[in-house]
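A.B. asks: Data file query.cif (mmCIF, C-alpha atoms) is appended below.
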data_protein
#
loop_
_atom_site.group_PDB
_atom_site.id
_atom_site.type_symbol
_atom_site.label_atom_id
_atom_site.label_comp_id
_atom_site.auth_asym_id
_atom_site.auth_seq_id
_atom_site.Cartn_x
_atom_site.Cartn_y
_atom_site.Cartn_z
ATOM 1 C CA SER U 1 105.082 122.354 284.490
ATOM 2 C CA LEU U 2 103.137 122.026 281.253
ATOM 3 C CA PRO U 3 99.524 123.237 281.308
ATOM 4 C CA ASP U 4 96.811 120.598 281.022
ATOM 5 C CA GLY U 5 96.275 119.454 277.465
ATOM 6 C CA GLN U 6 99.649 120.646 276.210
ATOM 7 C CA VAL U 7 102.929 119.025 275.177
ATOM 8 C CA LEU U 8 106.336 120.319 274.243
ATOM 9 C CA ALA U 9 106.695 120.545 270.461
ATOM 10 C CA GLY U 10 109.463 121.695 268.158
ATOM 11 C CA ALA U 11 110.247 121.365 264.469
ATOM 12 C CA ALA U 12 113.064 122.012 262.033
ATOM 13 C CA LYS U 13 114.013 121.523 258.386
ATOM 14 C CA THR U 14 117.433 121.472 256.731
ATOM 15 C CA SER U 15 118.284 121.419 253.032
ATOM 16 C CA ILE U 16 120.068 118.394 251.558
ATOM 17 C CA PHE U 17 121.405 120.351 248.578
ATOM 18 C CA PRO U 18 124.779 118.697 247.885
ATOM 19 C CA ARG U 19 127.773 120.472 249.410
ATOM 20 C CA PRO U 20 130.822 118.534 248.160
ATOM 21 C CA GLU U 21 133.159 121.372 249.105
ATOM 22 C CA ASP U 22 132.278 120.865 252.788
ATOM 23 C CA TYR U 23 133.141 117.161 252.673
ATOM 24 C CA ASP U 24 136.180 117.138 250.404
ATOM 25 C CA GLY U 25 134.152 115.527 247.633
ATOM 26 C CA GLU U 26 133.219 115.916 243.995
ATOM 27 C CA TRP U 27 129.752 116.010 242.441
ATOM 28 C CA GLU U 28 129.679 114.837 238.838
ATOM 29 C CA ARG U 29 126.535 116.096 237.084
ATOM 30 C CA THR U 30 126.949 115.185 233.424
ATOM 31 C CA ARG U 31 124.824 112.358 232.092
ATOM 32 C CA GLU U 32 127.655 111.190 229.844
ATOM 33 C CA GLU U 33 129.820 110.461 232.888
ATOM 34 C CA CYS U 34 127.057 109.078 235.115
ATOM 35 C CA ALA U 35 124.768 106.960 232.920
ATOM 36 C CA THR U 36 127.259 104.118 232.786
ATOM 37 C CA LEU U 37 125.079 101.061 232.260
ATOM 38 C CA SER U 38 124.510 100.212 228.610
ATOM 39 C CA PRO U 39 122.269 97.306 227.524
ATOM 40 C CA GLU U 40 125.412 95.501 226.375
ATOM 41 C CA GLY U 41 127.113 96.133 229.683
ATOM 42 C CA PHE U 42 124.092 94.884 231.602
ATOM 43 C CA GLN U 43 123.967 91.657 229.628
ATOM 44 C CA GLY U 44 127.676 91.154 230.199
ATOM 45 C CA MET U 45 127.257 91.704 233.924
ATOM 46 C CA LEU U 46 124.560 89.031 234.056
ATOM 47 C CA LYS U 47 126.901 86.533 232.425
ATOM 48 C CA GLU U 48 129.929 87.531 234.458
ATOM 49 C CA PRO U 49 129.174 89.608 237.593
ATOM 50 C CA VAL U 50 131.404 92.568 238.239
ATOM 51 C CA GLU U 51 133.890 91.675 240.950
ATOM 52 C CA SER U 52 136.297 94.561 240.692
ATOM 53 C CA GLY U 53 136.164 98.209 239.864
ATOM 54 C CA ASP U 54 136.682 101.557 241.441
ATOM 55 C CA HIS U 55 134.661 102.022 244.639
ATOM 56 C CA LEU U 56 132.318 99.061 244.135
ATOM 57 C CA ALA U 57 133.284 97.388 247.396
ATOM 58 C CA SER U 58 132.399 100.377 249.555
ATOM 59 C CA THR U 59 129.166 101.430 247.885
ATOM 60 C CA GLY U 60 127.410 98.138 248.429
ATOM 61 C CA SER U 61 125.840 98.446 244.990
ATOM 62 C CA PRO U 62 126.202 95.815 242.237
ATOM 63 C CA TRP U 63 126.106 98.423 239.492
ATOM 64 C CA PRO U 64 129.150 99.881 237.710
ATOM 65 C CA GLU U 65 128.199 103.399 238.754
ATOM 66 C CA ASN U 66 130.321 106.511 238.809
ATOM 67 C CA PRO U 67 131.174 107.052 242.512
ATOM 68 C CA ASN U 68 130.897 110.838 242.127
ATOM 69 C CA CYS U 69 127.314 110.797 240.789
ATOM 70 C CA ILE U 70 124.019 111.085 242.666
ATOM 71 C CA TYR U 71 121.319 108.864 241.157
ATOM 72 C CA MET U 72 117.534 108.918 241.187
ATOM 73 C CA GLY U 73 115.784 105.685 242.098
ATOM 74 C CA GLY U 74 112.901 103.699 240.732
ATOM 75 C CA PHE U 75 113.253 104.165 236.977
ATOM 76 C CA GLY U 76 114.696 101.506 234.693
ATOM 77 C CA LEU U 77 117.679 99.421 235.751
ATOM 78 C CA GLY U 78 120.939 100.523 237.265
ATOM 79 C CA PRO U 79 122.716 103.891 237.267
ATOM 80 C CA MET U 80 120.930 105.504 234.339
ATOM 81 C CA ASN U 81 119.256 108.584 235.830
ATOM 82 C CA PRO U 82 121.773 110.895 237.496
ATOM 83 C CA VAL U 83 120.850 114.105 239.291
ATOM 84 C CA SER U 84 122.256 116.879 237.124
ATOM 85 C CA SER U 85 120.444 119.861 238.691
ATOM 86 C CA TRP U 86 118.355 120.768 241.732
ATOM 87 C CA ASP U 87 114.857 122.148 242.151
ATOM 88 C CA GLU U 88 115.420 125.633 243.564
ATOM 89 C CA ASP U 89 111.752 126.423 244.232
ATOM 90 C CA LEU U 90 110.704 123.642 246.625
ATOM 91 C CA GLY U 91 114.139 122.245 247.398
ATOM 92 C CA LEU U 92 114.762 118.879 249.057
ATOM 93 C CA TRP U 93 114.990 118.643 252.824
ATOM 94 C CA VAL U 94 115.193 116.693 256.016
ATOM 95 C CA ARG U 95 112.203 117.702 258.164
ATOM 96 C CA ALA U 96 111.610 116.762 261.797
ATOM 97 C CA ILE U 97 109.073 117.283 264.566
ATOM 98 C CA ALA U 98 109.844 116.554 268.234
ATOM 99 C CA LEU U 99 107.135 115.966 270.861
ATOM 100 C CA ARG U 100 107.432 115.455 274.630
ATOM 101 C CA ASP U 101 104.468 114.961 276.990
ATOM 102 C CA ARG U 102 104.033 115.781 280.674
ATOM 103 C CA GLN U 103 105.378 112.358 281.664
ATOM 104 C CA GLY U 104 108.587 112.965 279.738
ATOM 105 C CA ASP U 105 107.811 110.494 276.938
ATOM 106 C CA ASP U 106 109.232 111.517 273.574
ATOM 107 C CA LEU U 107 108.441 111.037 269.907
ATOM 108 C CA VAL U 108 110.588 112.403 267.100
ATOM 109 C CA LEU U 109 109.457 111.981 263.491
ATOM 110 C CA ALA U 110 111.936 112.812 260.728
ATOM 111 C CA VAL U 111 111.405 112.463 256.992
ATOM 112 C CA ILE U 112 113.891 112.929 254.164
ATOM 113 C CA ASP U 113 113.122 113.824 250.553
ATOM 114 C CA GLY U 114 114.571 110.647 249.087
ATOM 115 C CA GLU U 115 113.535 107.446 247.338
ATOM 116 C CA GLY U 116 114.476 105.398 250.393
ATOM 117 C CA TYR U 117 116.854 105.156 253.342
ATOM 118 C CA PHE U 118 118.012 101.969 255.068
ATOM 119 C CA TRP U 119 117.843 100.967 258.716
ATOM 120 C CA ASP U 120 121.292 99.407 258.337
ATOM 121 C CA TYR U 121 123.852 99.199 255.531
ATOM 122 C CA GLU U 122 125.917 96.087 255.008
ATOM 123 C CA SER U 123 128.825 97.600 253.119
ATOM 124 C CA LYS U 124 128.069 101.266 252.325
ATOM 125 C CA CYS U 125 128.955 102.571 255.769
ATOM 126 C CA ASP U 126 129.344 101.566 259.401
ATOM 127 C CA ASP U 127 127.544 104.504 260.983
ATOM 128 C CA CYS U 128 125.058 106.107 258.579
ATOM 129 C CA GLY U 129 122.056 103.753 258.810
ATOM 130 C CA ILE U 130 118.956 104.743 260.763
ATOM 131 C CA LYS U 131 119.931 102.278 263.495
ATOM 132 C CA GLN U 132 123.310 103.946 264.008
ATOM 133 C CA LEU U 133 121.965 107.499 263.688
ATOM 134 C CA THR U 134 119.272 106.943 266.322
ATOM 135 C CA ASP U 135 121.812 105.299 268.629
ATOM 136 C CA GLN U 136 124.124 108.291 268.233
ATOM 137 C CA LEU U 137 121.313 110.722 268.999
ATOM 138 C CA ALA U 138 120.311 108.687 272.056
ATOM 139 C CA ALA U 139 123.899 108.868 273.307
ATOM 140 C CA ASP U 140 123.645 112.676 273.437
ATOM 141 C CA SER U 141 122.501 113.214 277.031
ATOM 142 C CA GLU U 142 121.447 116.795 276.347
ATOM 143 C CA LEU U 143 118.678 115.574 274.016
ATOM 144 C CA GLY U 144 117.148 113.228 276.576
ATOM 145 C CA LEU U 145 116.018 110.793 273.884
ATOM 146 C CA GLU U 146 116.064 107.027 273.571
ATOM 147 C CA ALA U 147 116.734 105.419 270.195
ATOM 148 C CA LYS U 148 113.233 103.936 270.164
ATOM 149 C CA ASP U 149 111.776 107.457 270.404
ATOM 150 C CA ILE U 150 113.086 108.395 266.949
ATOM 151 C CA VAL U 151 111.482 107.449 263.631
ATOM 152 C CA VAL U 152 113.263 108.258 260.373
ATOM 153 C CA ALA U 153 111.429 107.836 257.066
ATOM 154 C CA ALA U 154 111.761 108.801 253.408
ATOM 155 C CA THR U 155 109.081 110.259 251.133
ATOM 156 C CA HIS U 156 109.892 107.699 248.384
ATOM 157 C CA ALA U 157 109.898 110.439 245.731
ATOM 158 C CA HIS U 158 111.512 108.808 242.691
ATOM 159 C CA SER U 159 112.806 112.089 241.306
ATOM 160 C CA ALA U 160 114.765 112.553 244.553
ATOM 161 C CA PRO U 161 118.123 110.894 245.332
ATOM 162 C CA ASP U 162 118.159 107.141 245.943
ATOM 163 C CA PHE U 163 119.787 106.241 249.267
ATOM 164 C CA ILE U 164 119.193 102.482 249.110
ATOM 165 C CA GLY U 165 121.520 101.592 246.234
ATOM 166 C CA GLY U 166 118.959 99.992 243.959
ATOM 167 C CA TRP U 167 119.729 102.306 241.036
ATOM 168 C CA GLY U 168 123.312 103.268 241.696
ATOM 169 C CA PHE U 169 124.480 104.713 244.969
ATOM 170 C CA VAL U 170 125.436 108.103 246.371
ATOM 171 C CA PRO U 171 128.990 109.321 246.854
ATOM 172 C CA ASP U 172 130.477 108.663 250.285
ATOM 173 C CA TRP U 173 130.719 112.394 250.968
ATOM 174 C CA TYR U 174 127.019 112.934 250.206
ATOM 175 C CA MET U 175 125.980 109.991 252.339
ATOM 176 C CA GLN U 176 127.912 111.588 255.201
ATOM 177 C CA GLN U 177 126.326 114.979 254.548
ATOM 178 C CA VAL U 178 122.807 113.543 254.641
ATOM 179 C CA ALA U 179 123.523 111.493 257.777
ATOM 180 C CA ASP U 180 124.853 114.631 259.468
ATOM 181 C CA THR U 181 121.786 116.536 258.294
ATOM 182 C CA ILE U 182 119.374 113.988 259.767
ATOM 183 C CA LYS U 183 121.087 114.204 263.148
ATOM 184 C CA GLY U 184 121.364 117.985 263.042
ATOM 185 C CA THR U 185 117.707 118.445 262.122
ATOM 186 C CA VAL U 186 116.557 116.202 264.979
ATOM 187 C CA ARG U 187 118.724 118.183 267.393
ATOM 188 C CA ASP U 188 117.309 121.486 266.105
ATOM 189 C CA ALA U 189 113.736 120.216 266.473
ATOM 190 C CA VAL U 190 114.349 119.146 270.078
ATOM 191 C CA ALA U 191 116.111 122.412 270.904
ATOM 192 C CA SER U 192 113.131 124.438 269.642
ATOM 193 C CA MET U 193 110.475 122.638 271.734
ATOM 194 C CA ARG U 194 107.948 124.829 273.564
ATOM 195 C CA PRO U 195 104.480 124.352 275.079
ATOM 196 C CA ALA U 196 101.936 123.579 272.387
ATOM 197 C CA VAL U 197 98.534 122.071 271.692
ATOM 198 C CA LEU U 198 98.059 119.073 269.373
ATOM 199 C CA GLU U 199 95.054 118.680 267.128
ATOM 200 C CA TYR U 200 94.485 115.808 264.739
ATOM 201 C CA GLY U 201 92.002 114.069 262.505
ATOM 202 C CA GLU U 202 91.489 112.190 259.257
ATOM 203 C CA GLU U 203 89.556 112.525 256.039
ATOM 204 C CA THR U 204 88.364 109.882 253.606
ATOM 205 C CA ALA U 205 90.486 110.438 250.533
ATOM 206 C CA ARG U 206 90.052 107.335 248.393
ATOM 207 C CA PRO U 207 88.419 109.189 245.470
ATOM 208 C CA PHE U 208 91.587 111.266 245.012
ATOM 209 C CA ASN U 209 93.991 108.317 244.713
ATOM 210 C CA ARG U 210 94.665 107.623 241.040
ATOM 211 C CA GLU U 211 95.598 104.176 239.772
ATOM 212 C CA ARG U 212 99.300 103.673 239.134
ATOM 213 C CA ARG U 213 99.136 100.080 237.900
ATOM 214 C CA ASP U 214 96.862 98.353 235.429
ATOM 215 C CA THR U 215 95.653 95.784 237.931
ATOM 216 C CA TYR U 216 95.513 97.455 241.351
ATOM 217 C CA ARG U 217 95.358 100.809 243.057
ATOM 218 C CA SER U 218 98.383 102.416 244.641
ATOM 219 C CA ALA U 219 97.284 102.071 248.256
ATOM 220 C CA GLU U 220 94.866 100.155 250.444
ATOM 221 C CA GLU U 221 94.498 102.969 252.991
ATOM 222 C CA GLN U 222 91.528 105.202 252.305
ATOM 223 C CA GLN U 223 92.324 107.999 254.731
ATOM 224 C CA LEU U 224 94.408 111.127 254.821
ATOM 225 C CA GLY U 225 95.535 111.623 258.425
ATOM 226 C CA TRP U 226 96.822 114.858 259.883
ATOM 227 C CA LEU U 227 98.289 116.319 263.059
ATOM 228 C CA ARG U 228 99.112 119.930 263.881
ATOM 229 C CA ALA U 229 101.138 121.347 266.773
ATOM 230 C CA TYR U 230 100.554 125.007 267.571
ATOM 231 C CA VAL U 231 101.151 127.589 270.271
ATOM 232 C CA PRO U 232 97.734 128.946 271.332
ATOM 233 C CA GLY U 233 97.035 132.621 270.922
ATOM 234 C CA THR U 234 96.533 134.866 273.940
ATOM 235 C CA THR U 235 94.407 137.884 274.695
ATOM 236 C CA SER U 236 95.241 140.459 277.358
ATOM 237 C CA ALA U 237 92.288 142.274 278.882
ATOM 238 C CA PRO U 238 92.197 146.077 278.694
ATOM 239 C CA GLY U 239 94.083 147.665 281.519
ATOM 240 C CA SER U 240 96.015 144.519 282.446
ATOM 241 C CA SER U 241 99.792 144.463 282.669
ATOM 242 C CA GLY U 242 99.861 142.715 279.323
ATOM 243 C CA GLY U 243 97.785 145.325 277.605
ATOM 244 C CA LYS U 244 99.130 147.912 275.216
ATOM 245 C CA GLY U 245 101.322 150.298 277.118
ATOM 246 C CA GLY U 246 101.229 147.999 280.153
ATOM 247 C CA LYS U 247 99.025 150.345 282.166
ATOM 248 C CA LYS U 248 95.425 150.816 283.157
ATOM 249 C CA GLY U 249 93.231 151.911 280.312
ATOM 250 C CA GLY U 250 95.411 150.282 277.641
ATOM 251 C CA ASN U 251 93.832 148.588 274.623
ATOM 252 C CA GLU U 252 93.200 144.860 274.430
ATOM 253 C CA THR U 253 96.199 142.982 273.016
ATOM 254 C CA THR U 254 95.783 139.770 271.034
ATOM 255 C CA THR U 255 98.615 137.419 270.128
ATOM 256 C CA PRO U 256 97.621 135.021 267.320
ATOM 257 C CA SER U 257 98.288 131.310 267.525
ATOM 258 C CA GLN U 258 101.491 130.090 265.883
ATOM 259 C CA THR U 259 101.870 126.791 264.066
ATOM 260 C CA ILE U 260 104.970 124.769 264.888
ATOM 261 C CA ALA U 261 104.394 121.911 262.448
ATOM 262 C CA THR U 262 101.692 120.158 260.452
ATOM 263 C CA ILE U 263 101.943 116.475 259.473
ATOM 264 C CA GLY U 264 99.968 114.801 256.716
ATOM 265 C CA THR U 265 99.885 111.051 256.040
ATOM 266 C CA TYR U 266 98.636 109.652 252.753
ATOM 267 C CA ALA U 267 99.605 106.565 250.771
ATOM 268 C CA ALA U 268 100.210 107.131 247.073
ATOM 269 C CA HIS U 269 103.240 106.626 244.837
ATOM 270 C CA PRO U 270 105.332 109.835 244.310
ATOM 271 C CA THR U 271 106.253 109.336 240.652
ATOM 272 C CA THR U 272 104.390 112.200 239.009
ATOM 273 C CA PHE U 273 107.531 114.097 237.937
ATOM 274 C CA GLY U 274 109.300 111.127 236.378
ATOM 275 C CA THR U 275 113.022 111.606 235.910
ATOM 276 C CA ASN U 276 112.305 115.342 235.511
ATOM 277 C CA GLY U 277 115.112 115.915 233.003
ATOM 278 C CA GLY U 278 117.701 115.115 235.662
ATOM 279 C CA GLU U 279 116.471 117.802 238.077
ATOM 280 C CA ALA U 280 116.081 116.499 241.636
ATOM 281 C CA HIS U 281 112.523 117.170 242.812
ATOM 282 C CA PRO U 282 110.523 116.178 245.926
ATOM 283 C CA ASP U 283 107.444 115.291 243.820
ATOM 284 C CA TRP U 284 103.960 115.771 245.270
ATOM 285 C CA PRO U 285 105.029 115.253 248.926
ATOM 286 C CA GLY U 286 107.220 118.347 248.543
ATOM 287 C CA LEU U 287 104.383 120.309 246.952
ATOM 288 C CA PHE U 288 102.109 119.236 249.811
ATOM 289 C CA GLU U 289 104.654 120.178 252.485
ATOM 290 C CA ALA U 290 105.249 123.585 250.922
ATOM 291 C CA SER U 291 101.480 124.166 250.789
ATOM 292 C CA LEU U 292 101.178 123.352 254.497
ATOM 293 C CA GLU U 293 103.953 125.801 255.327
ATOM 294 C CA GLU U 294 102.430 128.547 253.188
ATOM 295 C CA ARG U 295 98.924 128.083 254.575
ATOM 296 C CA PHE U 296 99.620 127.437 258.266
ATOM 297 C CA GLY U 297 103.244 128.463 258.858
ATOM 298 C CA GLY U 298 105.776 126.320 260.668
ATOM 299 C CA VAL U 299 107.220 123.144 259.156
ATOM 300 C CA GLY U 300 105.186 120.865 256.896
ATOM 301 C CA LEU U 301 105.875 117.116 256.877
ATOM 302 C CA HIS U 302 104.472 114.275 254.801
ATOM 303 C CA PHE U 303 104.596 110.571 255.598
#
Can you give me the file's structure in the form of structure tokens?
C.D. replies:
Amino acid sequence: SLPDGQVLAGAAKTSIFPRPEDYDGEWERTREECATLSPEGFQGMLKEPVESGDHLASTGSPWPENPNCIYMGGFGLGPMNPVSSWDEDLGLWVRAIALRDRQGDDLVLAVIDGEGYFWDYESKCDDCGIKQLTDQLAADSELGLEAKDIVVAATHAHSAPDFIGGWGFVPDWYMQQVADTIKGTVRDAVASMRPAVLEYGEETARPFNRERRDTYRSAEEQQLGWLRAYVPGTTSAPGSSGGKGGKKGGNETTTPSQTIATIGTYAAHPTTFGTNGGEAHPDWPGLFEASLEERFGGVGLHF
């Protein structure tokens, strides 16, 4: 029953601020307890790999990390950059947009403020990889989705938590919280779908992409792509039932359009905040998403 040129669209965002109390866990924030890999320890590990130690078998990480610490990814080697505080201004989130066309075909795009997130985990968990999460969502008949309809990505912000285990891993309780958040955000996006119009385009953006290496630029793509889903505005003619007062002679009533979500795609390395003094931060993708939300309303997403 959708009008011509419209789809169903919904969006949602959910914070990933750690909630250990909800998962019977503990979040260790002190650098002294979390930065456990000394140069001497690293050299010793190279000579004789660590085969035992608290929690190592279940994290899937080779590092002697503290299992109660959340680590940033992409800087140095091993568990050296723990998250000790949280950006309260922008926050870190799971964001999702859900689209369904007149033929009933679906597309759900979800993105998490994190350095990375795996399709499947060999030893960290049995049910928290993207493969398992999309299968679980597809098994929910009320959503009407297939696993192939759902795309889950990460912003790759290095000052955000690392969910791939390259620089220390996350506590089991936090991994469960984030997995639950991904599923919950997708469900909320689907539940909020309503008739909307899609508009899209791209802009040449190569001049704005700074070099991040001495020998090559950070991305081959030269475009910034964008897509916006919005509910069109309406105008009721004077004297119509929709006019002010709902009677003849009423004033014209105008309902402005309402943005559901805006997506931007741009390839550049999110490392501008560095380790940020231990404060988790979404880097420039988070700044971009917040700017979209402030300017247009709705949920902003960056891929």
A.B. asks: To one decimal place, how far is CA of Leu198 in chain U from CA of Arg228 in chain U in Å?
C.D. replies: 5.7 Å
A.B. asks: At a cut-off of 12 Å from (125.9, 108.6, 263.8) in the coordinates of the file, what residues are picked up using all atoms listed in the file, written as a PDB file with C-alpha atoms, in the coordinates of the input?
C.D. replies:
ATOM      1  CA  ASP U 120     121.292  99.407 258.337  1.00  0.00           C
ATOM      2  CA  CYS U 125     128.955 102.571 255.769  1.00  0.00           C
ATOM      3  CA  ASP U 126     129.344 101.566 259.401  1.00  0.00           C
ATOM      4  CA  ASP U 127     127.544 104.504 260.983  1.00  0.00           C
ATOM      5  CA  CYS U 128     125.058 106.107 258.579  1.00  0.00           C
ATOM      6  CA  GLY U 129     122.056 103.753 258.810  1.00  0.00           C
ATOM      7  CA  ILE U 130     118.956 104.743 260.763  1.00  0.00           C
ATOM      8  CA  LYS U 131     119.931 102.278 263.495  1.00  0.00           C
ATOM      9  CA  GLN U 132     123.310 103.946 264.008  1.00  0.00           C
ATOM     10  CA  LEU U 133     121.965 107.499 263.688  1.00  0.00           C
ATOM     11  CA  THR U 134     119.272 106.943 266.322  1.00  0.00           C
ATOM     12  CA  ASP U 135     121.812 105.299 268.629  1.00  0.00           C
ATOM     13  CA  GLN U 136     124.124 108.291 268.233  1.00  0.00           C
ATOM     14  CA  LEU U 137     121.313 110.722 268.999  1.00  0.00           C
ATOM     15  CA  ALA U 138     120.311 108.687 272.056  1.00  0.00           C
ATOM     16  CA  ALA U 139     123.899 108.868 273.307  1.00  0.00           C
ATOM     17  CA  ASP U 140     123.645 112.676 273.437  1.00  0.00           C
ATOM     18  CA  ALA U 147     116.734 105.419 270.195  1.00  0.00           C
ATOM     19  CA  MET U 175     125.980 109.991 252.339  1.00  0.00           C
ATOM     20  CA  GLN U 176     127.912 111.588 255.201  1.00  0.00           C
ATOM     21  CA  GLN U 177     126.326 114.979 254.548  1.00  0.00           C
ATOM     22  CA  VAL U 178     122.807 113.543 254.641  1.00  0.00           C
ATOM     23  CA  ALA U 179     123.523 111.493 257.777  1.00  0.00           C
ATOM     24  CA  ASP U 180     124.853 114.631 259.468  1.00  0.00           C
ATOM     25  CA  THR U 181     121.786 116.536 258.294  1.00  0.00           C
ATOM     26  CA  ILE U 182     119.374 113.988 259.767  1.00  0.00           C
ATOM     27  CA  LYS U 183     121.087 114.204 263.148  1.00  0.00           C
ATOM     28  CA  GLY U 184     121.364 117.985 263.042  1.00  0.00           C
TER      29      GLY U 184
END
A.B. asks: Taking the file as shown, find all residues satisfying the PyMOL selection byres ((chain U and resi 164) around 6) and write them as number ranges by chain.
C.D. replies: U: 116-117, 162-163, 165-166
A.B. asks: For the selection just defined, write its residues with C-alpha atoms to a file, as a PDB file, in the coordinates of the input.
C.D. replies:
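Generated output (result-v6.pdb):
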ATOM      1  CA  GLY U 116     114.476 105.398 250.393  1.00  0.00           C
ATOM      2  CA  TYR U 117     116.854 105.156 253.342  1.00  0.00           C
ATOM      3  CA  ASP U 162     118.159 107.141 245.943  1.00  0.00           C
ATOM      4  CA  PHE U 163     119.787 106.241 249.267  1.00  0.00           C
ATOM      5  CA  GLY U 165     121.520 101.592 246.234  1.00  0.00           C
ATOM      6  CA  GLY U 166     118.959  99.992 243.959  1.00  0.00           C
TER       7      GLY U 166
END
A.B. asks: Please determine, counting all atoms listed in the file, which residue among U:Ser15, U:Asn66, U:Gln103, U:Asn81 has the shortest atom-to-atom distance to Ser1 in chain U.
C.D. replies: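 The shortest atom-to-atom distance to Ser1 in chain U comes from U:Gln103.
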A.B. asks: Calculate how many Å separate CA of Gly78 in chain U from CA of Val170 in chain U, rounding to one decimal.
C.D. replies: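 Separating CA of Gly78 in chain U from CA of Val170 in chain U is a distance of 12.7 Å.
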A.B. asks: Rounded to one decimal in Å, what is the spacing between CA of Thr234 in chain U and CA of Glu202 in chain U?
C.D. replies: 27.5 Å
A.B. asks: Which residue gives the smallest distance to Asp172 in chain U among U:Phe75, U:Trp119, U:Phe17, U:Trp27, with all atoms listed in the file counted?
C.D. replies: U:Trp27
A.B. asks: What does the PyMOL selection byres ((chain U and resi 152) around 6) select in this file, as a list in words?
C.D. replies: Ala110, Val111, Val151 and Ala153 of chain U
A.B. asks: Enumerate, as a list in words, the residues matched when the PyMOL selection byres ((chain U and resi 14) around 8) is run on the file above.
C.D. replies: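 Output of the PyMOL selection byres ((chain U and resi 14) around 8): Ala12, Lys13, Ser15, Ile16, Trp93, Val94, Arg95, Thr181 and Thr185 of chain U.
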A.B. asks: Set the distance at 9 Å and use only C-alpha atoms: which residues neighbour Tyr71 in chain U once local chain neighbours fewer than 2 positions away are removed? I'd like the list as a list in words.
C.D. replies: Cys34, Cys69, Gly73, Pro79, Met80, Asn81, Pro82, Val83, Ala160, Pro161, Asp162, Phe163, Gly165, Trp167, Gly168, Phe169 and Val170 of chain U
A.B. asks: Contacts between range 279-286 of chain U and range 64-152 of chain U, please, where a residue of range 64-152 of chain U counts if it comes within 8 Å (with all atoms listed in the file); show its shortest atom pair and distance in Å to one decimal, rows by chain and ascending number, as CSV.
C.D. replies:
residue,atom,partner,partner_atom,distance
U:Met72,CA,U:Ala280,CA,7.7
U:Val83,CA,U:Ala280,CA,5.8
U:Ser84,CA,U:Glu279,CA,5.9
U:Ser85,CA,U:Glu279,CA,4.5
U:Trp86,CA,U:Ala280,CA,4.8
U:Asp87,CA,U:His281,CA,5.5
U:Leu90,CA,U:Gly286,CA,6.6
U:Gly91,CA,U:His281,CA,7.0
U:Leu92,CA,U:Pro282,CA,5.9
U:Asp113,CA,U:Pro282,CA,5.8
U:Gly114,CA,U:Pro282,CA,7.5
A.B. asks: Could you name the residues that touch Asp149 in chain U at 12 Å or less, counting only C-alpha atoms, but leaving out those on the same chain fewer than 4 positions away, as a list in words?
C.D. replies: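 Result of the neighbour search: Ile97, Ala98, Leu99, Arg100, Gly104, Asp105, Asp106, Leu107, Val108, Leu109, Ala110, Lys131, Thr134, Asp135, Leu137, Ala138, Leu143, Gly144, Leu145, Val186 and Val190 of chain U.
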A.B. asks: Show me, as a list of chain:residue names, the residues that have an atom within 10 Å of Leu224 in chain U when counting all atoms listed in the file, minus same-chain residues fewer than 3 positions from it.
C.D. replies: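 Skipping anything fewer than 3 positions along the chain leaves U:Gly201, U:Glu202, U:Glu203, U:Thr204, U:Ala205, U:Arg206, U:Glu221, U:Gly264, U:Thr265, U:Tyr266, U:Ala267.
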A.B. asks: Write the selection just made, keeping C-alpha atoms, as a PDB file, in the frame of the given file?
C.D. replies:
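Contents of out.pdb, as written:
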ATOM      1  CA  GLY U 201      92.002 114.069 262.505  1.00  0.00           C
ATOM      2  CA  GLU U 202      91.489 112.190 259.257  1.00  0.00           C
ATOM      3  CA  GLU U 203      89.556 112.525 256.039  1.00  0.00           C
ATOM      4  CA  THR U 204      88.364 109.882 253.606  1.00  0.00           C
ATOM      5  CA  ALA U 205      90.486 110.438 250.533  1.00  0.00           C
ATOM      6  CA  ARG U 206      90.052 107.335 248.393  1.00  0.00           C
ATOM      7  CA  GLU U 221      94.498 102.969 252.991  1.00  0.00           C
ATOM      8  CA  GLY U 264      99.968 114.801 256.716  1.00  0.00           C
ATOM      9  CA  THR U 265      99.885 111.051 256.040  1.00  0.00           C
ATOM     10  CA  TYR U 266      98.636 109.652 252.753  1.00  0.00           C
ATOM     11  CA  ALA U 267      99.605 106.565 250.771  1.00  0.00           C
TER      12      ALA U 267
END
A.B. asks: Have a look at U:Asp24, U:Asp101, U:Glu142, U:Glu122 and name the one nearest to Pro195 in chain U; count all atoms listed in the file.
C.D. replies: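 Of U:Asp24, U:Asp101, U:Glu142, U:Glu122, the one nearest Pro195 in chain U, counting all atoms listed in the file, is U:Asp101.
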